Structures are given as structure tokens and as C-alpha cells.
>>> print(open('data_25.pdb').read())   # PDB, C-alpha atoms, pLDDT in the B column
ATOM      1  CA  MET A   1      17.958  38.478 153.139  1.00 81.00           C
ATOM      2  CA  PHE A   2      21.131  40.315 152.108  1.00 83.00           C
ATOM      3  CA  GLU A   3      22.072  37.470 149.751  1.00 87.00           C
ATOM      4  CA  ARG A   4      18.635  37.634 148.135  1.00 90.00           C
ATOM      5  CA  LEU A   5      19.030  41.381 147.658  1.00 89.00           C
ATOM      6  CA  VAL A   6      22.447  40.827 146.072  1.00 89.00           C
ATOM      7  CA  GLN A   7      21.016  38.165 143.755  1.00 91.00           C
ATOM      8  CA  ARG A   8      18.164  40.431 142.719  1.00 92.00           C
ATOM      9  CA  ILE A   9      20.542  43.321 141.997  1.00 91.00           C
ATOM     10  CA  ASP A  10      22.798  40.975 140.009  1.00 90.00           C
ATOM     11  CA  ALA A  11      19.852  39.716 137.950  1.00 92.00           C
ATOM     12  CA  MET A  12      18.691  43.270 137.286  1.00 92.00           C
ATOM     13  CA  LEU A  13      22.184  44.327 136.216  1.00 90.00           C
ATOM     14  CA  PHE A  14      22.521  41.310 133.918  1.00 91.00           C
ATOM     15  CA  ARG A  15      19.225  42.185 132.242  1.00 92.00           C
ATOM     16  CA  ARG A  16      20.460  45.772 131.790  1.00 90.00           C
ATOM     17  CA  GLY A  17      23.564  44.676 129.861  1.00 87.00           C
ATOM     18  CA  PHE A  18      26.231  44.045 132.525  1.00 89.00           C
ATOM     19  CA  VAL A  19      27.365  40.742 131.020  1.00 87.00           C
ATOM     20  CA  VAL A  20      30.949  40.723 132.373  1.00 87.00           C
ATOM     21  CA  THR A  21      30.781  39.152 135.842  1.00 88.00           C
ATOM     22  CA  ASP A  22      33.379  41.337 137.543  1.00 87.00           C
ATOM     23  CA  ALA A  23      31.947  44.516 136.029  1.00 88.00           C
ATOM     24  CA  ARG A  24      28.544  43.467 137.367  1.00 91.00           C
ATOM     25  CA  ARG A  25      30.009  42.878 140.838  1.00 90.00           C
ATOM     26  CA  LEU A  26      31.741  46.270 140.767  1.00 90.00           C
ATOM     27  CA  MET A  27      28.499  48.016 139.840  1.00 92.00           C
ATOM     28  CA  ARG A  28      26.577  46.086 142.498  1.00 93.00           C
ATOM     29  CA  ASN A  29      29.168  47.026 145.147  1.00 92.00           C
ATOM     30  CA  GLN A  30      28.914  50.653 144.078  1.00 93.00           C
ATOM     31  CA  MET A  31      25.122  50.596 144.370  1.00 94.00           C
ATOM     32  CA  LEU A  32      25.241  48.988 147.805  1.00 94.00           C
ATOM     33  CA  LEU A  33      28.007  51.314 149.009  1.00 94.00           C
ATOM     34  CA  ALA A  34      26.185  54.415 147.764  1.00 94.00           C
ATOM     35  CA  ALA A  35      22.820  53.344 149.180  1.00 95.00           C
ATOM     36  CA  GLY A  36      24.243  52.168 152.505  1.00 95.00           C
ATOM     37  CA  GLY A  37      26.509  55.181 152.887  1.00 94.00           C
ATOM     38  CA  SER A  38      23.683  57.578 152.064  1.00 95.00           C
ATOM     39  CA  ALA A  39      21.350  55.888 154.538  1.00 95.00           C
ATOM     40  CA  VAL A  40      23.983  56.000 157.293  1.00 95.00           C
ATOM     41  CA  ALA A  41      24.897  59.631 156.515  1.00 94.00           C
ATOM     42  CA  CYS A  42      21.273  60.761 156.425  1.00 94.00           C
ATOM     43  CA  LEU A  43      20.350  58.934 159.629  1.00 94.00           C
ATOM     44  CA  ALA A  44      23.519  60.016 161.464  1.00 93.00           C
ATOM     45  CA  THR A  45      23.014  63.677 160.622  1.00 92.00           C
ATOM     46  CA  GLY A  46      19.232  63.578 161.039  1.00 91.00           C
ATOM     47  CA  PHE A  47      18.621  64.357 157.361  1.00 90.00           C
ATOM     48  CA  ALA A  48      20.649  67.537 157.680  1.00 92.00           C
ATOM     49  CA  ASN A  49      22.326  69.335 154.798  1.00 92.00           C
ATOM     50  CA  TRP A  50      25.542  67.269 155.063  1.00 92.00           C
ATOM     51  CA  GLY A  51      23.755  63.910 154.846  1.00 94.00           C
ATOM     52  CA  LEU A  52      21.549  64.963 151.962  1.00 94.00           C
ATOM     53  CA  SER A  53      24.568  66.377 150.116  1.00 94.00           C
ATOM     54  CA  PHE A  54      26.357  63.054 150.645  1.00 95.00           C
ATOM     55  CA  ALA A  55      23.352  61.209 149.204  1.00 95.00           C
ATOM     56  CA  ALA A  56      23.208  63.568 146.220  1.00 95.00           C
ATOM     57  CA  GLY A  57      26.937  63.129 145.536  1.00 94.00           C
ATOM     58  CA  ALA A  58      26.680  59.337 145.835  1.00 95.00           C
ATOM     59  CA  LEU A  59      23.698  59.293 143.461  1.00 95.00           C
ATOM     60  CA  ILE A  60      25.467  61.461 140.874  1.00 94.00           C
ATOM     61  CA  ILE A  61      28.644  59.390 140.924  1.00 94.00           C
ATOM     62  CA  SER A  62      26.710  56.089 140.820  1.00 94.00           C
ATOM     63  CA  ILE A  63      24.802  57.169 137.706  1.00 94.00           C
ATOM     64  CA  ASN A  64      28.114  58.311 136.242  1.00 92.00           C
ATOM     65  CA  PHE A  65      29.742  54.958 137.062  1.00 92.00           C
ATOM     66  CA  TRP A  66      26.789  53.012 135.621  1.00 93.00           C
ATOM     67  CA  TRP A  67      27.065  54.879 132.346  1.00 91.00           C
ATOM     68  CA  LEU A  68      30.862  54.525 132.273  1.00 89.00           C
ATOM     69  CA  SER A  69      31.018  50.801 133.005  1.00 89.00           C
ATOM     70  CA  LYS A  70      28.268  49.985 130.536  1.00 88.00           C
ATOM     71  CA  ALA A  71      30.000  51.992 127.810  1.00 88.00           C
ATOM     72  CA  ALA A  72      33.402  50.467 128.612  1.00 86.00           C
ATOM     73  CA  GLN A  73      32.046  46.899 128.280  1.00 85.00           C
ATOM     74  CA  GLU A  74      30.819  47.649 124.782  1.00 84.00           C
ATOM     75  CA  LEU A  75      33.692  49.883 123.652  1.00 83.00           C
ATOM     76  CA  VAL A  76      36.431  47.384 124.478  1.00 79.00           C
ATOM     77  CA  GLN A  77      35.029  45.092 121.754  1.00 77.00           C
ATOM     78  CA  VAL A  78      34.859  47.860 119.142  1.00 75.00           C
ATOM     79  CA  LYS A  79      37.765  47.957 116.715  1.00 66.00           C
ATOM     80  CA  GLN A  80      37.378  51.436 115.211  1.00 76.00           C
ATOM     81  CA  GLY A  81      36.122  54.728 116.588  1.00 79.00           C
ATOM     82  CA  ALA A  82      36.136  53.557 120.207  1.00 79.00           C
ATOM     83  CA  THR A  83      38.321  56.387 121.499  1.00 79.00           C
ATOM     84  CA  PHE A  84      36.220  59.074 119.833  1.00 84.00           C
ATOM     85  CA  THR A  85      33.017  57.570 121.243  1.00 85.00           C
ATOM     86  CA  LEU A  86      34.576  57.272 124.714  1.00 83.00           C
ATOM     87  CA  LEU A  87      35.734  60.887 124.684  1.00 83.00           C
ATOM     88  CA  THR A  88      32.353  62.117 123.461  1.00 88.00           C
ATOM     89  CA  LEU A  89      30.652  60.171 126.268  1.00 88.00           C
ATOM     90  CA  PHE A  90      33.231  61.450 128.793  1.00 85.00           C
ATOM     91  CA  TYR A  91      32.647  65.084 127.921  1.00 87.00           C
ATOM     92  CA  GLY A  92      28.874  64.555 127.793  1.00 90.00           C
ATOM     93  CA  ARG A  93      28.952  63.010 131.260  1.00 89.00           C
ATOM     94  CA  LEU A  94      31.214  65.771 132.537  1.00 88.00           C
ATOM     95  CA  VAL A  95      28.840  68.486 131.270  1.00 91.00           C
ATOM     96  CA  LEU A  96      25.819  66.800 132.886  1.00 92.00           C
ATOM     97  CA  THR A  97      27.727  66.227 136.141  1.00 90.00           C
ATOM     98  CA  ALA A  98      28.899  69.850 136.098  1.00 89.00           C
ATOM     99  CA  ALA A  99      25.326  71.063 135.634  1.00 91.00           C
ATOM    100  CA  ALA A 100      24.081  68.885 138.490  1.00 93.00           C
ATOM    101  CA  ILE A 101      26.893  69.811 140.906  1.00 91.00           C
ATOM    102  CA  ALA A 102      26.696  73.499 139.992  1.00 89.00           C
ATOM    103  CA  GLY A 103      22.963  73.424 140.652  1.00 91.00           C
ATOM    104  CA  LEU A 104      23.507  71.739 144.005  1.00 91.00           C
ATOM    105  CA  VAL A 105      26.349  74.035 145.136  1.00 88.00           C
ATOM    106  CA  ALA A 106      25.160  77.356 143.749  1.00 85.00           C
ATOM    107  CA  TRP A 107      21.388  77.199 144.050  1.00 86.00           C
ATOM    108  CA  ALA A 108      20.476  74.377 146.419  1.00 89.00           C
ATOM    109  CA  GLY A 109      23.148  75.380 148.958  1.00 86.00           C
ATOM    110  CA  ALA A 110      24.510  71.848 149.334  1.00 89.00           C
ATOM    111  CA  SER A 111      27.410  71.177 151.684  1.00 89.00           C
ATOM    112  CA  VAL A 112      30.558  70.961 149.566  1.00 89.00           C
ATOM    113  CA  PHE A 113      32.296  68.507 151.890  1.00 89.00           C
ATOM    114  CA  GLY A 114      29.229  66.261 152.015  1.00 92.00           C
ATOM    115  CA  LEU A 115      29.072  66.333 148.240  1.00 92.00           C
ATOM    116  CA  LEU A 116      32.773  65.501 147.972  1.00 91.00           C
ATOM    117  CA  ALA A 117      32.381  62.609 150.408  1.00 93.00           C
ATOM    118  CA  GLY A 118      29.480  61.265 148.352  1.00 93.00           C
ATOM    119  CA  LEU A 119      31.453  61.621 145.140  1.00 93.00           C
ATOM    120  CA  SER A 120      34.325  59.702 146.741  1.00 92.00           C
ATOM    121  CA  THR A 121      32.259  56.522 147.120  1.00 93.00           C
ATOM    122  CA  VAL A 122      33.360  55.387 143.663  1.00 92.00           C
ATOM    123  CA  VAL A 123      37.032  55.848 144.573  1.00 91.00           C
ATOM    124  CA  LEU A 124      36.456  53.917 147.795  1.00 92.00           C
ATOM    125  CA  ASN A 125      34.699  51.156 145.874  1.00 92.00           C
ATOM    126  CA  ALA A 126      37.520  50.868 143.335  1.00 90.00           C
ATOM    127  CA  ALA A 127      40.192  50.954 146.055  1.00 90.00           C
ATOM    128  CA  LEU A 128      38.394  48.252 148.056  1.00 90.00           C
ATOM    129  CA  TRP A 129      38.083  46.133 144.918  1.00 88.00           C
ATOM    130  CA  GLY A 130      41.811  46.488 144.246  1.00 85.00           C
ATOM    131  CA  VAL A 131      42.749  45.611 147.828  1.00 86.00           C
ATOM    132  CA  LEU A 132      40.500  42.528 147.787  1.00 86.00           C
ATOM    133  CA  GLN A 133      41.951  41.386 144.460  1.00 81.00           C
ATOM    134  CA  ILE A 134      45.502  41.712 145.789  1.00 79.00           C
ATOM    135  CA  ARG A 135      44.523  39.855 148.962  1.00 77.00           C
ATOM    136  CA  HIS A 136      43.133  36.967 146.909  1.00 75.00           C
ATOM    137  CA  LYS A 137      46.291  36.740 144.809  1.00 72.00           C
ATOM    138  CA  VAL A 138      48.892  36.932 147.589  1.00 66.00           C
ATOM    139  CA  PRO A 139      49.400  33.601 149.408  1.00 62.00           C
ATOM    140  CA  THR A 140      48.596  33.896 153.104  1.00 55.00           C
ATOM    141  CA  VAL A 141      50.953  31.078 154.211  1.00 56.00           C
ATOM    142  CA  GLY A 142      54.513  30.288 153.213  1.00 53.00           C
ATOM    143  CA  LYS A 143      57.058  32.577 151.650  1.00 54.00           C
ATOM    144  CA  GLY A 144      56.134  32.016 148.028  1.00 50.00           C
ATOM    145  CA  LYS A 145      59.086  29.676 147.410  1.00 53.00           C
ATOM    146  CA  GLU A 146      56.759  26.702 146.964  1.00 49.00           C
ATOM    147  CA  ALA A 147      55.507  28.083 143.663  1.00 46.00           C
TER     148      ALA A 147
ATOM    149  CA  MET B   1      66.456  76.567 137.966  1.00 51.00           C
ATOM    150  CA  ARG B   2      66.934  78.026 141.440  1.00 55.00           C
ATOM    151  CA  LYS B   3      67.078  81.526 139.981  1.00 59.00           C
ATOM    152  CA  SER B   4      63.759  81.126 138.144  1.00 54.00           C
ATOM    153  CA  LEU B   5      62.140  79.672 141.255  1.00 50.00           C
ATOM    154  CA  LEU B   6      63.312  82.627 143.339  1.00 53.00           C
ATOM    155  CA  MET B   7      62.086  85.078 140.694  1.00 56.00           C
ATOM    156  CA  THR B   8      58.657  83.398 140.585  1.00 52.00           C
ATOM    157  CA  LEU B   9      58.441  83.508 144.372  1.00 50.00           C
ATOM    158  CA  ALA B  10      59.408  87.175 144.411  1.00 56.00           C
ATOM    159  CA  MET B  11      56.794  87.996 141.758  1.00 51.00           C
ATOM    160  CA  VAL B  12      54.093  86.162 143.680  1.00 48.00           C
ATOM    161  CA  LEU B  13      55.014  87.974 146.905  1.00 49.00           C
ATOM    162  CA  CYS B  14      55.099  91.361 145.147  1.00 48.00           C
ATOM    163  CA  ALA B  15      51.727  90.677 143.536  1.00 49.00           C
ATOM    164  CA  SER B  16      50.102  89.798 146.832  1.00 48.00           C
ATOM    165  CA  ALA B  17      51.626  92.881 148.464  1.00 48.00           C
ATOM    166  CA  ALA B  18      50.294  95.037 145.641  1.00 47.00           C
ATOM    167  CA  PHE B  19      46.862  93.469 145.982  1.00 47.00           C
ATOM    168  CA  ALA B  20      46.913  93.941 149.738  1.00 49.00           C
ATOM    169  CA  SER B  21      47.814  97.632 149.463  1.00 49.00           C
ATOM    170  CA  ASP B  22      45.024  98.319 147.042  1.00 51.00           C
ATOM    171  CA  GLY B  23      41.454  98.737 148.202  1.00 50.00           C
ATOM    172  CA  ALA B  24      40.212  96.978 145.103  1.00 55.00           C
ATOM    173  CA  ALA B  25      42.048  93.775 146.017  1.00 53.00           C
ATOM    174  CA  VAL B  26      38.901  91.972 147.080  1.00 52.00           C
ATOM    175  CA  ALA B  27      37.111  92.974 143.907  1.00 58.00           C
ATOM    176  CA  ALA B  28      40.037  91.779 141.787  1.00 61.00           C
ATOM    177  CA  VAL B  29      39.899  88.270 143.245  1.00 63.00           C
ATOM    178  CA  GLY B  30      36.623  87.598 141.438  1.00 66.00           C
ATOM    179  CA  PRO B  31      37.942  87.855 137.863  1.00 81.00           C
ATOM    180  CA  VAL B  32      41.175  86.092 138.874  1.00 84.00           C
ATOM    181  CA  ALA B  33      39.148  83.221 140.317  1.00 83.00           C
ATOM    182  CA  ALA B  34      37.084  83.060 137.126  1.00 86.00           C
ATOM    183  CA  TRP B  35      40.241  82.849 135.013  1.00 89.00           C
ATOM    184  CA  ALA B  36      41.759  80.257 137.331  1.00 88.00           C
ATOM    185  CA  THR B  37      38.555  78.225 137.130  1.00 89.00           C
ATOM    186  CA  ALA B  38      38.455  78.323 133.356  1.00 91.00           C
ATOM    187  CA  ILE B  39      42.126  77.414 132.951  1.00 93.00           C
ATOM    188  CA  GLY B  40      42.017  74.743 135.664  1.00 92.00           C
ATOM    189  CA  MET B  41      38.934  73.034 134.275  1.00 91.00           C
ATOM    190  CA  GLY B  42      40.359  73.130 130.756  1.00 93.00           C
ATOM    191  CA  ILE B  43      43.600  71.502 131.876  1.00 94.00           C
ATOM    192  CA  ALA B  44      41.797  68.902 134.012  1.00 93.00           C
ATOM    193  CA  ALA B  45      39.279  67.930 131.334  1.00 91.00           C
ATOM    194  CA  GLY B  46      41.884  67.821 128.571  1.00 93.00           C
ATOM    195  CA  LEU B  47      44.409  65.708 130.477  1.00 94.00           C
ATOM    196  CA  CYS B  48      41.744  63.352 131.838  1.00 93.00           C
ATOM    197  CA  GLY B  49      40.408  62.934 128.297  1.00 91.00           C
ATOM    198  CA  ILE B  50      43.887  62.062 127.043  1.00 93.00           C
ATOM    199  CA  GLY B  51      44.300  59.590 129.920  1.00 93.00           C
ATOM    200  CA  GLN B  52      40.997  57.889 129.196  1.00 90.00           C
ATOM    201  CA  GLY B  53      41.764  57.682 125.491  1.00 90.00           C
ATOM    202  CA  LEU B  54      45.168  56.113 126.121  1.00 92.00           C
ATOM    203  CA  GLY B  55      43.665  53.623 128.581  1.00 91.00           C
ATOM    204  CA  LEU B  56      40.972  52.551 126.139  1.00 88.00           C
ATOM    205  CA  LYS B  57      43.509  52.290 123.304  1.00 88.00           C
ATOM    206  CA  ALA B  58      45.651  49.933 125.371  1.00 90.00           C
ATOM    207  CA  ALA B  59      42.596  47.890 126.426  1.00 89.00           C
ATOM    208  CA  CYS B  60      41.427  47.525 122.804  1.00 87.00           C
ATOM    209  CA  GLU B  61      44.897  46.385 121.744  1.00 89.00           C
ATOM    210  CA  GLY B  62      45.074  43.917 124.639  1.00 89.00           C
ATOM    211  CA  THR B  63      41.642  42.455 123.847  1.00 87.00           C
ATOM    212  CA  ALA B  64      42.505  42.164 120.153  1.00 88.00           C
ATOM    213  CA  ARG B  65      45.718  40.261 120.970  1.00 91.00           C
ATOM    214  CA  ASN B  66      44.193  38.047 123.647  1.00 89.00           C
ATOM    215  CA  PRO B  67      40.378  37.854 123.442  1.00 87.00           C
ATOM    216  CA  GLU B  68      40.200  35.355 126.357  1.00 87.00           C
ATOM    217  CA  ALA B  69      41.508  38.027 128.724  1.00 86.00           C
ATOM    218  CA  GLY B  70      38.736  40.421 127.651  1.00 84.00           C
ATOM    219  CA  GLY B  71      36.815  40.196 130.939  1.00 84.00           C
ATOM    220  CA  LYS B  72      39.806  41.006 133.144  1.00 85.00           C
ATOM    221  CA  ILE B  73      40.923  43.788 130.815  1.00 88.00           C
ATOM    222  CA  THR B  74      37.421  45.293 130.842  1.00 87.00           C
ATOM    223  CA  VAL B  75      37.296  45.397 134.640  1.00 87.00           C
ATOM    224  CA  THR B  76      40.764  46.945 134.854  1.00 88.00           C
ATOM    225  CA  LEU B  77      39.711  49.467 132.215  1.00 89.00           C
ATOM    226  CA  ILE B  78      36.548  50.368 134.135  1.00 89.00           C
ATOM    227  CA  LEU B  79      38.559  50.886 137.326  1.00 89.00           C
ATOM    228  CA  GLY B  80      41.101  53.063 135.529  1.00 90.00           C
ATOM    229  CA  LEU B  81      38.419  55.099 133.807  1.00 90.00           C
ATOM    230  CA  ALA B  82      36.571  55.564 137.108  1.00 90.00           C
ATOM    231  CA  PHE B  83      39.727  56.821 138.821  1.00 90.00           C
ATOM    232  CA  ILE B  84      40.479  59.222 135.968  1.00 91.00           C
ATOM    233  CA  GLU B  85      36.906  60.456 135.826  1.00 89.00           C
ATOM    234  CA  SER B  86      36.805  61.048 139.563  1.00 90.00           C
ATOM    235  CA  LEU B  87      39.901  63.231 139.183  1.00 91.00           C
ATOM    236  CA  ALA B  88      38.062  65.337 136.604  1.00 91.00           C
ATOM    237  CA  ILE B  89      35.036  65.552 138.908  1.00 91.00           C
ATOM    238  CA  TYR B  90      37.213  66.595 141.873  1.00 91.00           C
ATOM    239  CA  ALA B  91      38.723  69.340 139.702  1.00 92.00           C
ATOM    240  CA  LEU B  92      35.206  70.354 138.729  1.00 90.00           C
ATOM    241  CA  VAL B  93      34.094  70.570 142.350  1.00 89.00           C
ATOM    242  CA  VAL B  94      37.161  72.633 143.307  1.00 89.00           C
ATOM    243  CA  ASN B  95      36.471  74.967 140.398  1.00 89.00           C
ATOM    244  CA  LEU B  96      32.821  75.293 141.375  1.00 87.00           C
ATOM    245  CA  ILE B  97      33.908  76.110 144.932  1.00 86.00           C
ATOM    246  CA  LEU B  98      36.151  78.850 143.530  1.00 85.00           C
ATOM    247  CA  LEU B  99      33.309  80.183 141.399  1.00 84.00           C
ATOM    248  CA  PHE B 100      30.337  79.985 143.734  1.00 83.00           C
ATOM    249  CA  VAL B 101      31.503  79.531 147.337  1.00 78.00           C
ATOM    250  CA  LYS B 102      34.290  82.122 146.833  1.00 75.00           C
ATOM    251  CA  PRO B 103      36.727  81.139 149.586  1.00 72.00           C
ATOM    252  CA  LEU B 104      39.178  83.819 148.346  1.00 68.00           C
ATOM    253  CA  GLY B 105      36.758  86.702 148.672  1.00 67.00           C
ATOM    254  CA  ALA B 106      33.941  88.367 146.729  1.00 57.00           C
TER     255      ALA B 106
END
>>> encode(input="data_25.pdb", output="C-alpha cells")
Amino acid sequence: MFERLVQRIDAMLFRRGFVVTDARRLMRNQMLLAAGGSAVACLATGFANWGLSFAAGALIISINFWWLSKAAQELVQVKQGATFTLLTLFYGRLVLTAAAIAGLVAWAGASVFGLLAGLSTVVLNAALWGVLQIRHKVPTVGKGKEA
Amino acid sequence: MRKSLLMTLAMVLCASAAFASDGAAVAAVGPVAAWATAIGMGIAAGLCGIGQGLGLKAACEGTARNPEAGGKITVTLILGLAFIESLAIYALVVNLILLFVKPLGA
């Protein structure tokens, strides 16, 4: 069942323009991490303020990451004007994120620590990806002298 | 170096003592927090923008030199950009805490 879900997410991401395999996997991991983490946080806290803030933070950062990874896949092929476009997108994203987080903190009374934990899912995802990549590259047996 | 550090420390201590002796200390924290927020967010956004620009520049150069490595470079670029962007968002959250939650006072 989980494999089918992963395949369906992969197919959806491919249709939406995630053509680089590893970028697609990263985005899929982020979606699963955000959804799973939000579900666990909401259920563990009984849909209290902390859990809902976590879910809101995870949603915001996942949308942000989607936009970023899709733009990066296209911009890396562009020869001229890529940096300007990237910076414009970065500041646009930052303004929208600021508006959303300000609304949540100032008016909706969201828990700041829950929000921060939700926003940290992308860092966790990237760190896990890095650790797994290093683990695949380092030989588990021998001392490396064979190579 | 040590002299300037000591002078800065002394100034900070004197300033806090002056604030503490004044009844308007709590009221003064508000504008100070607003200034700190503005300056902090400006520095964070500017430096993160420079970092992202440099990262993308290097990735474009790498892809132009070796197009076969484009996929790996793209993933590394996405990871780098995500880390940099999360730094900017953390700075944003801290600044919003200073502005709205007001942990330093009214």
C-alpha cells in the first residue's frame, strides 16, 4: 500500500514538472515527512494548538520547497538572467511566507514552537537525504584500501 | 581588540542600567525591538539572497562545463537553496516573535 502511494506521488510529481529523479524523490520525501509529521503531531496533541501550528508550518515550508525545487530545476539550465529570476522568486516567496507566518503568529495565535518545528521538516528532510547519500557512498566493509 | 570589547561590554551594561532605572524602560523596548527586527530581517534577507545567487551561479557554471552532471548538481543546488532559505525563514520567525509575541516586554 505504501509503495503504491509512493508510486502515485512520483507519477503526480513527474506530471507536474519534476523531471530530475533525485529532485522528485526529495520532494516526495518532503511531502511524506510533512504529512506524516503533521498527522502524528495532531493526533498526539489531540488537535491542540501545538499540533495545528506544526501542520501549518509543515504546509508552508512544503509549498515553499515545491516552488523552490521546481524553479531550481529550470533555472540551472538557463544561461542568462538565472540569478535575477532566482532572487526575484526568493524575495517573492519570502514576502508570502512572512505574510502567512505573521498572520498565524499575530492573529491566529499559533504556537511559535509548533510552527518552528513544522518549518524544520525541510531541514530534517535535507539532512536525512545527506546522511543517506553519505551512507551509500561509504563502503561498509574493508578499510577502503581495496579501491 | 580587547579594549574595544571591554568598552562595548561597559556600554551595554550602562545602557541596561539606565533603562532599568527609568520607568519608561518597558515602553522603550518596543521601538528598540522594531528597529532590531527591521535591521535583523534586512541583514538576513540580504545575506541569504547573496548566498542563493552565488550557489546558483556555481551550479550554472558546473552544468555548462559538464552537462552530464546536471542532475546531481541540481539536487545539490536544491538542498543548498533549501538550507539557505530555511535560515531566512528562521530569522523571519525570530523577528516576528520580537514584533508580535514581545518576549522583551510591551
>>> resolve_selection(input="data_25.pdb", expression="the PyMOL selection byres ((chain A and resi 106) around 9)", output="list in words")
Ile101, Ala102, Gly103, Leu104, Val105, Trp107, Ala108, Gly109 and Ala110 of chain A; Leu96, Ile97, Leu99, Phe100 and Val101 of chain B
>>> closest_residue(input="data_25.pdb", among="B:Ala38, B:Leu77, B:Val32, B:Ala69", to="Asn95 in chain B", atoms="all atoms listed in the file")
B:Ala38
>>> interface_residues(input="data_25.pdb", of="chain B", to="chain A", cutoff="10 Å", atoms="only C-alpha atoms", output="VMD selection string")
chain B and resid 45 to 46 48 to 50 52 to 64 67 70 to 90 92 to 97 99 to 101
>>> resolve_selection(input="data_25.pdb", expression="the PyMOL selection byres ((chain A and resi 42) around 12)", output="MDAnalysis selection string")
chainID A and resid 34:41 43:56 58 114 118
>>> atom_distance(input="data_25.pdb", atom1="CA of Leu132 in chain A", atom2="CA of Met31 in chain A")
17.7 Å
>>> atom_distance(input="data_25.pdb", atom1="CA of Ile39 in chain B", atom2="CA of Pro103 in chain B")
17.9 Å
>>> atom_distance(input="data_25.pdb", atom1="CA of Lys137 in chain A", atom2="CA of Asn29 in chain A")
20.0 Å
